[in-house]
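Here is protein_17.cif, consisting of mmCIF, C-alpha atoms:
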data_my_file
#
loop_
_atom_site.group_PDB
_atom_site.id
_atom_site.type_symbol
_atom_site.label_atom_id
_atom_site.label_comp_id
_atom_site.auth_asym_id
_atom_site.auth_seq_id
_atom_site.Cartn_x
_atom_site.Cartn_y
_atom_site.Cartn_z
ATOM 1 C CA MET A 1 0.000 0.000 0.000
ATOM 2 C CA ALA A 2 2.841 2.398 -0.805
ATOM 3 C CA GLY A 3 3.240 5.138 -3.391
ATOM 4 C CA GLU A 4 0.496 7.020 -5.179
ATOM 5 C CA ILE A 5 -2.708 5.084 -4.750
ATOM 6 C CA THR A 6 -6.358 5.865 -5.345
ATOM 7 C CA ILE A 7 -9.300 5.186 -3.078
ATOM 8 C CA PHE A 8 -10.504 2.393 -5.385
ATOM 9 C CA GLU A 9 -7.081 0.747 -5.465
ATOM 10 C CA LEU A 10 -6.733 0.995 -1.713
ATOM 11 C CA LEU A 11 -10.133 -0.604 -1.172
ATOM 12 C CA ALA A 12 -9.346 -3.424 -3.572
ATOM 13 C CA LEU A 13 -6.056 -4.258 -1.849
ATOM 14 C CA ALA A 14 -7.620 -4.113 1.604
ATOM 15 C CA GLY A 15 -10.580 -6.200 0.494
ATOM 16 C CA ASP A 16 -8.249 -8.946 -0.785
ATOM 17 C CA THR A 17 -6.261 -8.876 2.470
ATOM 18 C CA LEU A 18 -9.382 -9.198 4.603
ATOM 19 C CA LYS A 19 -10.873 -11.861 2.339
ATOM 20 C CA LYS A 20 -7.887 -14.116 3.063
ATOM 21 C CA ALA A 21 -8.306 -13.563 6.806
ATOM 22 C CA ASP A 22 -12.021 -14.297 6.466
ATOM 23 C CA ALA A 23 -11.276 -17.875 5.419
ATOM 24 C CA THR A 24 -10.496 -18.781 9.048
ATOM 25 C CA ARG A 25 -13.961 -17.787 10.334
ATOM 26 C CA SER A 26 -16.835 -20.217 10.751
ATOM 27 C CA VAL A 27 -19.329 -17.460 9.871
ATOM 28 C CA PRO A 28 -18.327 -15.495 6.736
ATOM 29 C CA GLN A 29 -17.983 -11.751 7.135
ATOM 30 C CA ASN A 30 -18.088 -9.021 4.493
ATOM 31 C CA PRO A 31 -14.438 -8.047 3.965
ATOM 32 C CA ARG A 32 -15.079 -5.454 1.267
ATOM 33 C CA LEU A 33 -17.693 -3.712 3.377
ATOM 34 C CA ASP A 34 -15.281 -3.753 6.330
ATOM 35 C CA ALA A 35 -12.651 -2.086 4.152
ATOM 36 C CA GLN A 36 -15.124 0.597 3.058
ATOM 37 C CA VAL A 37 -16.206 1.343 6.637
ATOM 38 C CA LEU A 38 -12.614 1.580 7.858
ATOM 39 C CA LEU A 39 -11.428 3.822 5.013
ATOM 40 C CA ALA A 40 -14.447 6.114 5.373
ATOM 41 C CA HIS A 41 -13.598 6.380 9.079
ATOM 42 C CA VAL A 42 -9.972 7.308 8.408
ATOM 43 C CA LEU A 43 -10.959 9.885 5.778
ATOM 44 C CA GLY A 44 -13.787 11.270 7.916
ATOM 45 C CA VAL A 45 -16.356 10.807 5.152
ATOM 46 C CA ASN A 46 -19.393 8.619 4.518
ATOM 47 C CA SER A 47 -19.197 5.462 2.421
ATOM 48 C CA ALA A 48 -20.899 7.093 -0.558
ATOM 49 C CA TYR A 49 -17.954 9.491 -0.854
ATOM 50 C CA LEU A 50 -15.619 6.580 -1.583
ATOM 51 C CA PHE A 51 -17.523 5.730 -4.763
ATOM 52 C CA THR A 52 -18.012 9.261 -6.008
ATOM 53 C CA HIS A 53 -14.315 10.096 -5.432
ATOM 54 C CA GLY A 54 -12.793 6.689 -6.097
ATOM 55 C CA ASP A 55 -10.149 8.023 -8.509
ATOM 56 C CA GLU A 56 -8.725 10.456 -5.961
ATOM 57 C CA THR A 57 -5.317 9.639 -4.511
ATOM 58 C CA VAL A 58 -4.823 9.512 -0.750
ATOM 59 C CA SER A 59 -1.956 10.706 1.412
ATOM 60 C CA HIS A 60 0.708 8.494 2.955
ATOM 61 C CA ASP A 61 -0.677 9.289 6.414
ATOM 62 C CA VAL A 62 -4.108 8.012 5.406
ATOM 63 C CA VAL A 63 -2.579 4.877 3.897
ATOM 64 C CA ASP A 64 -0.608 4.205 7.088
ATOM 65 C CA GLN A 65 -3.624 4.701 9.376
ATOM 66 C CA PHE A 66 -5.815 2.572 7.144
ATOM 67 C CA GLN A 67 -3.206 -0.162 6.859
ATOM 68 C CA ARG A 68 -2.948 -0.418 10.660
ATOM 69 C CA LEU A 69 -6.724 -0.790 10.975
ATOM 70 C CA VAL A 70 -6.844 -3.376 8.175
ATOM 71 C CA SER A 71 -4.087 -5.336 9.883
ATOM 72 C CA ARG A 72 -6.005 -5.340 13.170
ATOM 73 C CA ARG A 73 -9.212 -6.348 11.404
ATOM 74 C CA GLY A 74 -7.280 -9.126 9.709
ATOM 75 C CA ARG A 75 -6.508 -10.460 13.197
ATOM 76 C CA HIS A 76 -10.290 -10.586 13.811
ATOM 77 C CA GLU A 77 -10.585 -7.470 15.966
ATOM 78 C CA PRO A 78 -14.226 -6.306 15.629
ATOM 79 C CA VAL A 79 -14.886 -3.248 13.489
ATOM 80 C CA ALA A 80 -16.853 -1.658 16.348
ATOM 81 C CA TYR A 81 -13.757 -1.725 18.553
ATOM 82 C CA LEU A 82 -11.618 -0.308 15.761
ATOM 83 C CA LEU A 83 -14.062 2.579 15.321
ATOM 84 C CA GLN A 84 -14.899 2.701 19.053
ATOM 85 C CA SER A 85 -18.504 3.141 17.993
ATOM 86 C CA LYS A 86 -21.609 1.030 17.397
ATOM 87 C CA SER A 87 -25.092 2.048 16.313
ATOM 88 C CA PHE A 88 -28.002 0.967 18.505
ATOM 89 C CA PHE A 89 -31.574 2.200 18.181
ATOM 90 C CA SER A 90 -30.321 4.804 15.642
ATOM 91 C CA ARG A 91 -27.790 6.283 18.080
ATOM 92 C CA GLU A 92 -24.015 5.929 18.173
ATOM 93 C CA PHE A 93 -22.587 4.421 21.354
ATOM 94 C CA PHE A 94 -18.934 4.508 22.373
ATOM 95 C CA VAL A 95 -17.587 0.983 22.897
ATOM 96 C CA ASN A 96 -14.281 -0.558 23.897
ATOM 97 C CA ASN A 97 -13.158 -4.004 25.011
ATOM 98 C CA HIS A 98 -14.625 -3.500 28.492
ATOM 99 C CA VAL A 99 -18.116 -3.960 27.062
ATOM 100 C CA LEU A 100 -20.054 -6.284 24.823
ATOM 101 C CA ILE A 101 -20.751 -4.771 21.411
ATOM 102 C CA PRO A 102 -24.500 -3.961 21.212
ATOM 103 C CA ARG A 103 -26.357 -6.247 18.806
ATOM 104 C CA PRO A 104 -29.359 -5.338 16.641
ATOM 105 C CA ASP A 105 -31.187 -8.392 18.051
ATOM 106 C CA THR A 106 -31.283 -6.697 21.453
ATOM 107 C CA GLU A 107 -33.383 -3.853 20.061
ATOM 108 C CA VAL A 108 -36.449 -6.114 20.296
ATOM 109 C CA LEU A 109 -35.987 -6.204 24.074
ATOM 110 C CA VAL A 110 -35.912 -2.406 24.182
ATOM 111 C CA GLU A 111 -39.004 -2.099 21.967
ATOM 112 C CA HIS A 112 -41.072 -4.374 24.200
ATOM 113 C CA ALA A 113 -39.818 -2.715 27.373
ATOM 114 C CA LEU A 114 -40.909 0.633 25.931
ATOM 115 C CA ASN A 115 -44.331 -0.801 25.083
ATOM 116 C CA SER A 116 -44.765 -1.837 28.720
ATOM 117 C CA ALA A 117 -43.969 1.608 30.125
ATOM 118 C CA THR A 118 -46.436 4.120 31.512
ATOM 119 C CA ALA A 119 -45.885 7.588 32.930
ATOM 120 C CA GLN A 120 -45.492 5.967 36.360
ATOM 121 C CA SER A 121 -42.842 3.393 35.386
ATOM 122 C CA THR A 122 -39.223 3.118 36.498
ATOM 123 C CA PHE A 123 -36.528 1.357 34.460
ATOM 124 C CA LEU A 124 -33.798 -0.814 35.959
ATOM 125 C CA ASP A 125 -31.145 -2.146 33.565
ATOM 126 C CA ILE A 126 -29.099 -5.015 35.010
ATOM 127 C CA GLY A 127 -25.649 -5.734 33.532
ATOM 128 C CA THR A 128 -25.757 -2.486 31.606
ATOM 129 C CA GLY A 129 -22.377 -2.795 29.836
ATOM 130 C CA SER A 130 -22.142 0.081 27.352
ATOM 131 C CA GLY A 131 -25.456 1.383 28.681
ATOM 132 C CA ALA A 132 -27.139 0.886 25.308
ATOM 133 C CA ILE A 133 -30.358 -0.537 26.762
ATOM 134 C CA GLY A 134 -30.775 1.702 29.799
ATOM 135 C CA ILE A 135 -29.720 4.895 28.048
ATOM 136 C CA THR A 136 -32.049 4.200 25.130
ATOM 137 C CA LEU A 137 -34.964 3.627 27.511
ATOM 138 C CA ALA A 138 -34.192 6.885 29.310
ATOM 139 C CA LEU A 139 -33.868 8.865 26.075
ATOM 140 C CA GLU A 140 -37.058 7.457 24.581
ATOM 141 C CA THR A 141 -39.223 8.062 27.668
ATOM 142 C CA ASN A 142 -37.505 10.517 30.026
ATOM 143 C CA LEU A 143 -38.560 8.181 32.872
ATOM 144 C CA PRO A 144 -36.412 7.477 35.982
ATOM 145 C CA THR A 145 -33.741 5.007 34.936
ATOM 146 C CA PHE A 146 -31.210 3.067 37.002
ATOM 147 C CA ALA A 147 -28.390 0.900 35.635
ATOM 148 C CA ILE A 148 -26.062 -1.544 37.347
ATOM 149 C CA ASP A 149 -22.919 -3.392 36.331
ATOM 150 C CA VAL A 150 -20.347 -5.353 38.288
ATOM 151 C CA ASP A 151 -17.429 -4.082 36.174
ATOM 152 C CA PRO A 152 -16.156 -0.531 36.834
ATOM 153 C CA GLY A 153 -14.644 -0.405 33.344
ATOM 154 C CA ALA A 154 -18.044 -1.058 31.792
ATOM 155 C CA LEU A 155 -19.671 1.550 34.028
ATOM 156 C CA ALA A 156 -17.140 4.146 32.871
ATOM 157 C CA VAL A 157 -18.172 3.446 29.268
ATOM 158 C CA ALA A 158 -21.882 3.635 30.138
ATOM 159 C CA GLN A 159 -21.453 6.913 32.027
ATOM 160 C CA HIS A 160 -19.545 8.367 29.070
ATOM 161 C CA ASN A 161 -22.380 7.370 26.732
ATOM 162 C CA ALA A 162 -25.066 8.830 28.980
ATOM 163 C CA THR A 163 -23.212 12.141 29.127
ATOM 164 C CA SER A 164 -22.436 12.311 25.407
ATOM 165 C CA LEU A 165 -26.022 11.397 24.456
ATOM 166 C CA GLY A 166 -27.463 13.919 26.881
ATOM 167 C CA THR A 167 -29.497 11.884 29.350
ATOM 168 C CA HIS A 168 -29.464 11.195 33.072
ATOM 169 C CA VAL A 169 -29.172 7.627 34.298
ATOM 170 C CA GLN A 170 -28.243 6.686 37.856
ATOM 171 C CA PHE A 171 -25.414 4.146 37.676
ATOM 172 C CA PHE A 172 -24.357 1.733 40.406
ATOM 173 C CA GLN A 173 -21.619 -0.868 40.691
ATOM 174 C CA GLY A 174 -22.628 -4.151 42.201
ATOM 175 C CA SER A 175 -23.938 -7.663 41.767
ATOM 176 C CA LEU A 176 -27.101 -7.800 39.687
ATOM 177 C CA MET A 177 -29.903 -5.771 41.344
ATOM 178 C CA GLN A 178 -28.363 -5.708 44.834
ATOM 179 C CA PRO A 179 -27.461 -1.966 44.804
ATOM 180 C CA PHE A 180 -31.059 -1.095 43.882
ATOM 181 C CA THR A 181 -32.438 -2.846 46.974
ATOM 182 C CA THR A 182 -31.128 -0.020 49.170
ATOM 183 C CA ILE A 183 -33.156 2.617 47.247
ATOM 184 C CA GLU A 184 -36.725 3.626 47.950
ATOM 185 C CA PRO A 185 -38.622 2.655 44.777
ATOM 186 C CA PRO A 186 -39.541 5.781 42.772
ATOM 187 C CA SER A 187 -42.790 4.166 41.580
ATOM 188 C CA ASP A 188 -44.931 1.049 41.923
ATOM 189 C CA HIS A 189 -44.163 -0.223 38.401
ATOM 190 C CA LEU A 190 -40.646 -1.482 37.817
ATOM 191 C CA ILE A 191 -39.465 -2.519 34.357
ATOM 192 C CA ILE A 192 -36.300 -4.614 34.620
ATOM 193 C CA THR A 193 -34.179 -5.301 31.548
ATOM 194 C CA ALA A 194 -31.344 -7.804 31.731
ATOM 195 C CA ASN A 195 -29.044 -8.910 28.945
ATOM 196 C CA LEU A 196 -26.837 -11.012 31.209
ATOM 197 C CA PRO A 197 -24.241 -13.592 30.178
ATOM 198 C CA TYR A 198 -26.282 -16.568 28.970
ATOM 199 C CA LEU A 199 -23.955 -18.833 26.997
ATOM 200 C CA THR A 200 -22.578 -22.157 28.188
ATOM 201 C CA PRO A 201 -18.804 -22.772 28.085
ATOM 202 C CA TRP A 202 -19.331 -25.013 25.051
ATOM 203 C CA GLN A 203 -21.262 -22.352 23.162
ATOM 204 C CA TRP A 204 -18.562 -19.805 23.972
ATOM 205 C CA GLN A 205 -15.874 -22.092 22.545
ATOM 206 C CA ASP A 206 -17.799 -22.253 19.270
ATOM 207 C CA LEU A 207 -17.985 -18.480 18.815
ATOM 208 C CA ASP A 208 -16.083 -16.830 15.979
ATOM 209 C CA PRO A 209 -12.625 -15.463 16.895
ATOM 210 C CA ASP A 210 -13.963 -11.924 16.424
ATOM 211 C CA VAL A 211 -16.053 -12.485 19.546
ATOM 212 C CA ARG A 212 -14.078 -15.067 21.505
ATOM 213 C CA GLU A 213 -10.702 -13.349 21.272
ATOM 214 C CA TYR A 214 -11.772 -9.727 21.778
ATOM 215 C CA GLU A 215 -15.111 -9.257 23.523
ATOM 216 C CA PRO A 216 -15.112 -9.690 27.334
ATOM 217 C CA LYS A 217 -15.571 -13.345 28.265
ATOM 218 C CA LEU A 218 -17.309 -12.201 31.449
ATOM 219 C CA ALA A 219 -20.137 -10.842 29.303
ATOM 220 C CA PHE A 220 -20.903 -14.240 27.744
ATOM 221 C CA LEU A 221 -20.549 -17.103 30.212
ATOM 222 C CA GLY A 222 -23.676 -17.887 32.209
ATOM 223 C CA GLY A 223 -22.728 -21.162 33.883
ATOM 224 C CA ALA A 224 -23.284 -24.771 32.865
ATOM 225 C CA ASP A 225 -26.764 -24.131 31.448
ATOM 226 C CA GLY A 226 -26.259 -20.445 30.696
ATOM 227 C CA LEU A 227 -28.948 -19.414 33.195
ATOM 228 C CA ALA A 228 -26.990 -19.148 36.448
ATOM 229 C CA LEU A 229 -27.053 -15.354 36.597
ATOM 230 C CA TYR A 230 -30.734 -15.171 35.682
ATOM 231 C CA ASP A 231 -31.412 -17.639 38.488
ATOM 232 C CA GLU A 232 -29.546 -15.410 40.950
ATOM 233 C CA LEU A 233 -31.296 -12.291 39.636
ATOM 234 C CA CYS A 234 -34.690 -13.910 40.204
ATOM 235 C CA THR A 235 -33.652 -14.892 43.730
ATOM 236 C CA GLN A 236 -32.700 -11.286 44.469
ATOM 237 C CA LEU A 237 -35.892 -9.957 42.881
ATOM 238 C CA ARG A 238 -38.090 -12.359 44.827
ATOM 239 C CA SER A 239 -36.430 -11.327 48.081
ATOM 240 C CA TYR A 240 -36.774 -7.639 47.175
ATOM 241 C CA LEU A 241 -40.482 -7.932 46.393
ATOM 242 C CA HIS A 242 -41.077 -9.872 49.603
ATOM 243 C CA GLU A 243 -39.390 -7.128 51.615
ATOM 244 C CA GLN A 244 -41.394 -4.415 49.858
ATOM 245 C CA SER A 245 -44.604 -6.342 50.549
ATOM 246 C CA ARG A 246 -43.639 -6.676 54.210
ATOM 247 C CA ARG A 247 -43.417 -2.885 54.317
ATOM 248 C CA GLY A 248 -46.860 -2.567 52.759
ATOM 249 C CA ARG A 249 -45.624 -1.698 49.251
ATOM 250 C CA ARG A 250 -46.876 -3.631 46.231
ATOM 251 C CA ILE A 251 -44.471 -3.354 43.289
ATOM 252 C CA ALA A 252 -45.582 -4.612 39.872
ATOM 253 C CA VAL A 253 -42.673 -5.859 37.771
ATOM 254 C CA ASP A 254 -42.200 -6.486 34.076
ATOM 255 C CA LEU A 255 -38.969 -8.434 33.701
ATOM 256 C CA PHE A 256 -37.324 -8.752 30.274
ATOM 257 C CA ILE A 257 -34.365 -11.093 29.798
ATOM 258 C CA GLU A 258 -32.443 -11.843 26.627
ATOM 259 C CA ILE A 259 -31.742 -15.524 25.964
ATOM 260 C CA ASP A 260 -30.229 -17.904 23.453
ATOM 261 C CA GLN A 261 -32.760 -19.704 21.267
ATOM 262 C CA SER A 262 -31.781 -23.005 22.899
ATOM 263 C CA GLN A 263 -33.185 -21.674 26.210
ATOM 264 C CA ARG A 264 -36.688 -21.006 24.853
ATOM 265 C CA LEU A 265 -38.118 -23.679 27.186
ATOM 266 C CA THR A 266 -35.686 -23.674 30.113
ATOM 267 C CA ALA A 267 -35.670 -19.887 30.658
ATOM 268 C CA PRO A 268 -39.477 -19.568 31.003
ATOM 269 C CA ALA A 269 -39.451 -22.638 33.275
ATOM 270 C CA LEU A 270 -36.823 -20.967 35.476
ATOM 271 C CA LEU A 271 -38.918 -17.803 35.766
ATOM 272 C CA LYS A 272 -41.998 -19.860 36.636
ATOM 273 C CA THR A 273 -40.059 -21.645 39.371
ATOM 274 C CA HIS A 274 -39.349 -18.318 41.054
ATOM 275 C CA PHE A 275 -42.645 -16.623 40.198
ATOM 276 C CA PRO A 276 -45.389 -19.258 39.745
ATOM 277 C CA ASP A 277 -48.112 -16.669 39.139
ATOM 278 C CA ALA A 278 -46.146 -14.652 36.569
ATOM 279 C CA ARG A 279 -47.464 -14.243 33.036
ATOM 280 C CA ILE A 280 -44.736 -15.423 30.674
ATOM 281 C CA GLN A 281 -44.259 -14.387 27.058
ATOM 282 C CA VAL A 282 -41.504 -15.519 24.691
ATOM 283 C CA ILE A 283 -40.624 -12.871 22.097
ATOM 284 C CA ARG A 284 -38.939 -13.490 18.748
ATOM 285 C CA ASP A 285 -36.361 -11.233 17.127
ATOM 286 C CA LEU A 286 -36.444 -10.045 13.516
ATOM 287 C CA ALA A 287 -34.856 -13.311 12.386
ATOM 288 C CA GLY A 288 -37.693 -15.276 13.991
ATOM 289 C CA LYS A 289 -35.529 -16.647 16.817
ATOM 290 C CA GLU A 290 -36.769 -16.770 20.403
ATOM 291 C CA ARG A 291 -34.710 -13.910 21.829
ATOM 292 C CA VAL A 292 -36.481 -12.380 24.853
ATOM 293 C CA VAL A 293 -38.600 -13.713 27.688
ATOM 294 C CA LYS A 294 -40.996 -11.338 29.454
ATOM 295 C CA ALA A 295 -42.351 -12.113 32.906
ATOM 296 C CA SER A 296 -45.120 -9.913 34.302
ATOM 297 C CA ILE A 297 -44.932 -10.366 38.074
#
Just dump the structure as structure tokens.
Amino acid sequence: MAGEITIFELLALAGDTLKKADATRSVPQNPRLDAQVLLAHVLGVNSAYLFTHGDETVSHDVVDQFQRLVSRRGRHEPVAYLLQSKSFFSREFFVNNHVLIPRPDTEVLVEHALNSATAQSTFLDIGTGSGAIGITLALETNLPTFAIDVDPGALAVAQHNATSLGTHVQFFQGSLMQPFTTIEPPSDHLIITANLPYLTPWQWQDLDPDVREYEPKLAFLGGADGLALYDELCTQLRSYLHEQSRRGRRIAVDLFIEIDQSQRLTAPALLKTHFPDARIQVIRDLAGKERVVKASI
């Protein structure tokens, strides 16, 4: 990638480089699109510019920056980490390797949580990571929103996103919903969203290197059946509701958890074990896969 080179030539070379690296993945990527996104980022333009100005030559500095990003992408580093940005619910969120990269599939959880909200609702996002879920809920509704994560590095990312996107979310560090149990509930309707680690060790081993080698392992592993953290969350929630009831406070809860399709039967059964009277709904994502379980408690 040395000497005088045009945008089209640079994209072609990068695309070939990334195509070779793509051969080692179990799920094919789109190497030419990756090259376009990375070059547009380096040039500070949109992708359309690359095709309307493809015959323009680029500077050595641009070539060097682009080559470094292509090299990192060739080693399977996710594009979102290279750009330090990922779109979620039509907003750009800062991401780094402290947090799971937000997935489009998770937007269905947010949509259904929003549909359950009233003017008297409070949101609680458990395992907030980048804050994509909690911050989106706060921005879309302007309702009281709390978010918790066990990892201080993830909380720093979430707090940055809340500030840059112009919303107020109260963040806490701690295990699942435990920090929230010390707070007087702002309302009698609590909407809990939780995209906790839900993969088994065997499923994690089968992930593409893009995910397995770069995204935080802590954000994926959910015990032998993938449901260990959801089990603990339900235990905490049951105890919390019992204590509120003892004080004469009845809290209605809509709990939304993201799952793997393989847990479409076991996850609802787990929720029923903790909350026998709960109304359970399994929600599919845009690909038709069982993605979210809702429990109205």
Notebook entry, point to check: Pick the closest to A:Glu184 from A:Gln244, A:Glu9, A:Gly288, A:Leu270: which is it, counting all atoms listed in the file?
Noted result: A:Gln244
Note to self: I need the residue nearest A:Leu82 from this list: A:Asp260, A:Glu56, A:Asp210, A:Glu4. Use only C-alpha atoms for the distance.
What the structure shows: A:Asp210
Checklist line | Selection: 8 Å around A:Ala158, all atoms listed in the file, excl. self and same-chain fewer than 6 positions, as a PyMOL selection string | finding: chain A and resi 128-132
Notebook entry, point to check: Can you list, as a PyMOL selection string, every protein, DNA or RNA residue that comes within 12 Å of A:Pro152 when you count all atoms listed in the file, leaving out same-chain residues fewer than 3 positions away?
Noted result: chain A and resi 98-99+127-130+148-149+155-159+171-175
Next item on the list: Please provide the set of residues having any atom within 8 Å of A:Glu140, restricted to all atoms listed in the file, with same-chain residues fewer than 3 positions apart removed, written as number ranges by chain.
Entry: A: 114, 136-137
Note to self: I'd like the contact shell of A:Ala194 - 12 Å cut-off, all atoms listed in the file, skipping same-chain residues fewer than 4 positions apart - returned as a count of residues only.
What the structure shows: 38
Margin query: Using Å and a single decimal, report how far atom CA of A:Phe8 sits from atom CA of A:Thr52.
Written below: 10.2 Å
Note to self: What does the structure give for the distance between atom CA of A:Phe66 and atom CA of A:Ser87, in Å to one decimal?
What the structure shows: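 Taking atom CA of A:Phe66 and atom CA of A:Ser87, their separation equals 21.4 Å.
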Notebook entry, point to check: Using only C-alpha atoms, which of A:Thr181, A:Thr57, A:Thr273, A:Thr167 sits nearest A:Gln236?
Noted result: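 The shortest atom-to-atom distance to A:Gln236 comes from A:Thr181.
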Chain and number of each residue from the PyMOL selection byres ((chain A and resi 272) around 12), as a PDB file with C-alpha atoms, keeping the file's coordinate frame:
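Wrote it out as result.pdb, contents follow:
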ATOM      1  CA  ASP A 231     -31.412 -17.639  38.488  1.00  0.00           C
ATOM      2  CA  CYS A 234     -34.690 -13.910  40.204  1.00  0.00           C
ATOM      3  CA  ARG A 238     -38.090 -12.359  44.827  1.00  0.00           C
ATOM      4  CA  LEU A 265     -38.118 -23.679  27.186  1.00  0.00           C
ATOM      5  CA  THR A 266     -35.686 -23.674  30.113  1.00  0.00           C
ATOM      6  CA  ALA A 267     -35.670 -19.887  30.658  1.00  0.00           C
ATOM      7  CA  PRO A 268     -39.477 -19.568  31.003  1.00  0.00           C
ATOM      8  CA  ALA A 269     -39.451 -22.638  33.275  1.00  0.00           C
ATOM      9  CA  LEU A 270     -36.823 -20.967  35.476  1.00  0.00           C
ATOM     10  CA  LEU A 271     -38.918 -17.803  35.766  1.00  0.00           C
ATOM     11  CA  THR A 273     -40.059 -21.645  39.371  1.00  0.00           C
ATOM     12  CA  HIS A 274     -39.349 -18.318  41.054  1.00  0.00           C
ATOM     13  CA  PHE A 275     -42.645 -16.623  40.198  1.00  0.00           C
ATOM     14  CA  PRO A 276     -45.389 -19.258  39.745  1.00  0.00           C
ATOM     15  CA  ASP A 277     -48.112 -16.669  39.139  1.00  0.00           C
ATOM     16  CA  ALA A 278     -46.146 -14.652  36.569  1.00  0.00           C
ATOM     17  CA  ARG A 279     -47.464 -14.243  33.036  1.00  0.00           C
ATOM     18  CA  ILE A 280     -44.736 -15.423  30.674  1.00  0.00           C
ATOM     19  CA  GLN A 281     -44.259 -14.387  27.058  1.00  0.00           C
ATOM     20  CA  VAL A 293     -38.600 -13.713  27.688  1.00  0.00           C
ATOM     21  CA  LYS A 294     -40.996 -11.338  29.454  1.00  0.00           C
ATOM     22  CA  ALA A 295     -42.351 -12.113  32.906  1.00  0.00           C
ATOM     23  CA  SER A 296     -45.120  -9.913  34.302  1.00  0.00           C
ATOM     24  CA  ILE A 297     -44.932 -10.366  38.074  1.00  0.00           C
TER      25      ILE A 297
END
Check: Counting only C-alpha atoms, which of A:Tyr240, A:Ile183, A:Ser262, A:Asn161 gets nearest to A:Leu199?
Finding: A:Ser262
Notebook entry, point to check: Using only C-alpha atoms, which of A:Pro186, A:Gly223, A:Gly44, A:Pro78 sits nearest A:Gln203?
Noted result: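 The shortest atom-to-atom distance to A:Gln203 comes from A:Gly223.
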Check: A:Glu92: which residues within 12 Å, counting only C-alpha atoms, same-chain residues fewer than 2 positions away excluded, as a ChimeraX atom specification?
Finding: /A:80,83-90,94-95,101-102,130-132,135-136,161-162,164-165
Checklist line | Nearest to A:His160, chosen from A:Phe93, A:Asp64, A:Leu218, A:Val42, with all atoms listed in the file counted in the distances | finding: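 For A:His160, the nearest of the candidates is A:Phe93.
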Check: Do you have the atom CA of A:Lys217-atom CA of A:Trp202 distance handy?
Finding: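 Atom CA of A:Lys217 sits 12.7 Å away from atom CA of A:Trp202.
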